[in-house]
Amino acid sequence: MNSSQSKNTYIAIGILIFVIGIGIAVWFLFRGSSTPTTPTGDDTSSGFSPFGRTGTGGRAGKPNATSTTQNVLQNGTAGTPIPVLRLLSDTPVGGYGASTTASTTIVRWADRGRGNILEAREDSWDITTLSNTLVPRIYESAWNKNLTSFIASILPAGSSVPNTVYAELKANAVSTSSTSFNPINVTPYNLKGQSLPNNIVSYALSPKKDKLFLFSIQDGRGVGYISSVTGGKLTQLFDTPVTQINVSWPEDNTIAIVTKGTSSEAGFLYFVDPKTGVWKKIIGNISGLSAIVSHDAKYVFVSGTGQNNNVASYIYTVAKNKYNNALIQTLADKCTWGNFYKNIVYCAVPFQPVAGTYPDDWYQGTLSTVDKIWQVNADTGEVHQVSSATIDQSDHFIDAYKLGTDSKDNFLIFMNKNDLSLWSLDLVRSK
């Protein structure tokens with residue numbers, strides 16, 4: 001090789017090394033800029049005192065879900081149709097609320113593990129994290145109408161006795177300073193609130209969401225109170241030897257109290273006047289009783305332990321003191337009455353019967369069902385299958401419970417008892 005060729009070779013090698021160096025530098029530059037900086041340490045200066053602190057991490061296995069500008073497209077991508085049956089959260093939730101606006105239905109819920117508050121709009125794939133305030137172990141919540149506050153049951157670590165709290169979403173004051181603004185870790189709200197009285201074992205919001213019924217156990221007796229939604233100004237409503245109950249507040253003048261069901265004991269449903277505290281027996285002496293009252297208190301979907309310990313279901317008309325066969329056989333715990341169509345009850349009905357002792361085995365989790373969604377018209381007795389849900393439209397085995405609808409009955413919201421995930425069913429498009 002002559003000197004000219006050697007010189008050209010060295011030049012070529014130099015250019016190649018230079019190009020490779022530029023490529024490596026560019027790769028490191030973009031790789032570094034794609035990873036957001038996450039502050040470390042616990043921020044206890046604000047948020048839900050005394051329980052929580054502000055978190056910064058995203059949900060496991062998902063893109064960072066702590067940003068209002070980087071939302072999670074959980075089930076699909078923008079522009080693709082939203083399915084009739086939609087998975088809203090694949091991680092356990094601690095209760096939810098739904099509200100309908102002029103343009104869409106909004107669902108908000110609490111993450112059961114961390115306490116983050118998340119939101120879905122039924123006209124969008126986006127799942128938005130509204131608050132990162134940590135309130136761990138929320139296992140139940142009841143929301144106000146505009147979804148800005150809720151009552152929650154929290155199970156402290158190492159305890160089987162829940163604490164009841166009032167929590168409210170408070171808007172964050174966001175700085176736009178270049179030195180302090182980090183959009184990846186800013187959420188629009190903090191969660192602030194306060195503890196309610198001790199020994200609360202059950203509660204219900206009034207239909208207008210402006211009052212709260214609290215039931216506590218004191219010295220072995222059940223005591224009922226009416227209070228403001230924040231838990232203040234408690235007024236004792238009654239004192240009773242009955243302690244094992246479930247409560248709801250279906251209409252302004254009716255608090256519904258049903259004894260907790262078991263196949264070995266007769267159950268009772270009572271209506272209590274929230275002004276006077278007077279009890280009225282509505283249904284009694286039904287083994288394994290579970291009952292859910294319509295939002296005008298005219299009808300009750302009733303389930304009990306039937307022949308061979310299976311489920312027996314009826315629709316009870318209060319004014320006529322009359323039972324009609326519901327034609328579908330399922331637990332009342334797997335049903336909800338419509339908010340708009342108050343005479344319609346929506347139920348998750350097992351696709352195939354599962355042998356067991358009801359309701360005990362289902363409560364204890366020793367059996368699970370695979371459901372379809374049905375509706376029953378309490379006025380006419382007409383029965384209609386709304387959706388085959390898990391059989392035709394989902395790859396999950398859904399044992400639905402904690403059902404609810406938005407104010408217009410456009411969507412049915414429910415949880416899957418198998419994994420505590422949250423789902424919505426479009427009732428308009430499923431017809």
# chains A, B, ... in the order shown; residues from 1 in each chain; ligands from 1
call {"tool": "select_by_dssp", "arguments": {"residues": "region 156-244 of chain A", "states": "strand (DSSP E)", "output": "PyMOL selection string"}}
result
chain A and resi 163-171+189-195+200-205+211-218+221-228+235-240
call {"tool": "residues_around", "arguments": {"residues": "Gly304 (chain A)", "least_positions_apart": "4", "cutoff": "8 Å", "atoms": "only C-alpha atoms", "output": "PyMOL selection string"}}
result
chain A and resi 263+286-290+311-313+331+358-359
call {"tool": "residues_around", "arguments": {"residues": "Ile106 (chain A)", "least_positions_apart": "6", "cutoff": "6 Å", "atoms": "only C-alpha atoms", "output": "list in words"}}
result
Ala98, Ser99, Ala120 and Arg121 of chain A
call {"tool": "write_last_selection", "arguments": {"atoms": "N, CA, C and O atoms", "output": "compact mmCIF listing (two decimals), in the first residue's frame"}}
result
# COMPACT_ATOMS: atom_id res chain seq x y z
N ALA A 98 -70.24 7.37 40.02
CA ALA A 98 -70.50 7.68 38.61
C ALA A 98 -71.41 8.89 38.52
O ALA A 98 -72.31 9.07 39.33
N SER A 99 -71.17 9.72 37.50
CA SER A 99 -71.96 10.92 37.29
C SER A 99 -72.09 11.17 35.79
O SER A 99 -71.15 10.91 35.03
N ALA A 120 -62.24 7.98 34.71
CA ALA A 120 -62.45 7.59 33.32
C ALA A 120 -63.66 8.32 32.79
O ALA A 120 -64.64 8.53 33.52
N ARG A 121 -63.59 8.72 31.54
CA ARG A 121 -64.74 9.27 30.84
C ARG A 121 -65.15 8.27 29.77
O ARG A 121 -64.29 7.76 29.04
call {"tool": "atom_distance", "arguments": {"atom1": "CA of Cys347 (chain A)", "atom2": "CA of Lys298 (chain A)"}}
result
17.8 Å
call {"tool": "closest_residue", "arguments": {"among": "A:Thr128, A:Thr187, A:Ser89, A:Ser103", "to": "Asp419 (chain A)", "atoms": "only C-alpha atoms"}}
result
A:Ser89
call {"tool": "residues_around", "arguments": {"residues": "Gly95 (chain A)", "least_positions_apart": "4", "cutoff": "12 Å", "atoms": "only C-alpha atoms", "output": "number ranges by chain"}}
result
A: 89, 107-113, 115-118, 137-143, 150-154, 401-404, 413-416, 420-423
